[in-house]
Amino acid sequence: MISIIIVSCSGGKHISKKLSRKLKAEYCELELKKFPDNEINIKFTKNISNKRVVLVQSFYDDINDKIVETLFAAHTAKELGAKKVELVSPYFPYWRKDKRFKPGECVSIQVMKKLFSVFDKIYIVEPHLHRIKNIKTIFPQGVKISVGKYLVNYIHKLKIHDILFMGPDMESSQWVKELTHGLGKNTIILSKERFSSKKVKVTLPKNVKIKKETVIIVDDIISTGHTMLETIKLLRKMKLKRIYCIAIHGVFAEDALKRLRKYSKVVATNTIPNRVAKIDITEEIVKAIK
Ligand code: R5P
């Protein structure tokens, strides 16, 4: 049996200690230093040779720096004699850039595929699979970790009886479906047009009637928050004020969280650490990597 060592990268500290405890595995933090010119220097602080090295990295905030850090760590681990080098990524970026929208653009997820081929296994919590339906199309060594049931449990505990689930766009319907399957409630899926990262328009299906319900808007990612904010605007026009925004990955770029909290209760899972990361999905990662 190869012994396992959980290595926390800079974006994995909020989850990796808990992971190692639950797995009864050795733990270490990757040392990360930055030179004045922004080059980085990483160092494993424990012996990793002949071990199954599991790097934990959630790509939020300075995601491009975190990509370099993770790749440096993976190559170094191999060079230092690790038996296997794996990645647990509670939030993995660039899935949304799965197509060339404009001539000359980079299809980012295809580049990520090449860069991350160094890993023997990659575990990703709820990758944004939309046009690409299967994680294995990008990462043959990839494992998708689904966490819908944790959202169901959370909502169940809120004890709200008159819930209307709302998906702000077609892609969100897969997560909405999972929740309603567990909670058996009404749903509405909106259509969304995106003109730029901060300009979106959401539209209700025709002839839809909404009662005075509590609306839970569900999406996999909240990034700039504009998808949620536009949906909230639409609901407020209909005098609906009991609104929750629930997401798996709370990216919350710029002041997105502050703006959303003005009009709704906001909850996310702990794939990314922040003040609304109230749904703990660590257990599902443990099950996947055991
Ligand atoms: C995209 O299709 C995703 O499911 C989300 O709807 C999107 O990432 C939300 O982005 P934002 O918060 O920037 O509107």
# chains A, B, ... in the order shown; residues from 1 in each chain; ligands from 1

$ residues_near_ligand --ligand "ligand 1" --cutoff "7 Å" --atoms "only C-alpha atoms and all ligand atoms" --output "count of residues only"
18

$ select_by_dssp --residues "stretch 94-141 of chain A" --states "alpha helix (DSSP H)" --output "VMD selection string"
chain A and resid 108 to 115 135 to 138

$ closest_residue --among "A:Leu23, A:Leu32, A:Ile281, A:Ile272" --to "A:Phe72" --atoms "only C-alpha atoms"
A:Leu32

$ closest_residue --among "A:Val267, A:Ile210, A:Val176, A:Ile163" --to "A:Lys239" --atoms "only C-alpha atoms"
A:Ile210

$ residues_around --residues "A:Lys18" --least-positions-apart "2" --cutoff "12 Å" --atoms "only C-alpha atoms" --output "list in words"
Ile6, Val7, Ser8, Gly12, Lys13, His14, Ile15, Ser16, Ser20, Arg21, Lys22, Leu23, Lys24, Ala25, Glu26, Tyr27, Val56, Asn270, Asp280, Ile281, Thr282, Glu283, Ile285 and Val286 of chain A

$ residues_around --residues "A:Val147" --least-positions-apart "2" --cutoff "12 Å" --atoms "only C-alpha atoms" --output "PyMOL selection string"
chain A and resi 90+124-127+144-145+149-154+175+178-179+220+247-249+268-271+279-285+287-288

$ residues_around --residues "A:Lys201" --least-positions-apart "6" --cutoff "7 Å" --atoms "only C-alpha atoms" --output "PyMOL selection string"
chain A and resi 192-194+230

$ write_last_selection --atoms "N, CA, C and O atoms" --output "PDB file, in the first residue's frame"
ATOM      1  N   LYS A 192     -30.904  33.142 -20.950  1.00  0.00           N
ATOM      2  CA  LYS A 192     -29.929  34.208 -20.691  1.00  0.00           C
ATOM      3  C   LYS A 192     -29.154  34.545 -21.956  1.00  0.00           C
ATOM      4  O   LYS A 192     -28.768  33.659 -22.714  1.00  0.00           O
ATOM      5  N   GLU A 193     -28.981  35.817 -22.163  1.00  0.00           N
ATOM      6  CA  GLU A 193     -28.065  36.255 -23.237  1.00  0.00           C
ATOM      7  C   GLU A 193     -26.941  36.998 -22.557  1.00  0.00           C
ATOM      8  O   GLU A 193     -27.174  37.832 -21.683  1.00  0.00           O
ATOM      9  N   ARG A 194     -25.701  36.682 -22.952  1.00  0.00           N
ATOM     10  CA  ARG A 194     -24.566  37.390 -22.368  1.00  0.00           C
ATOM     11  C   ARG A 194     -23.916  38.237 -23.445  1.00  0.00           C
ATOM     12  O   ARG A 194     -23.552  37.735 -24.507  1.00  0.00           O
ATOM     13  N   GLU A 230     -29.350  40.232 -12.325  1.00  0.00           N
ATOM     14  CA  GLU A 230     -30.399  40.453 -13.330  1.00  0.00           C
ATOM     15  C   GLU A 230     -31.636  39.633 -12.992  1.00  0.00           C
ATOM     16  O   GLU A 230     -32.764  40.099 -13.172  1.00  0.00           O
TER      17      GLU A 230
END

$ atom_distance --atom1 "atom CA of A:Tyr244" --atom2 "atom CA of A:His130"
23.8 Å
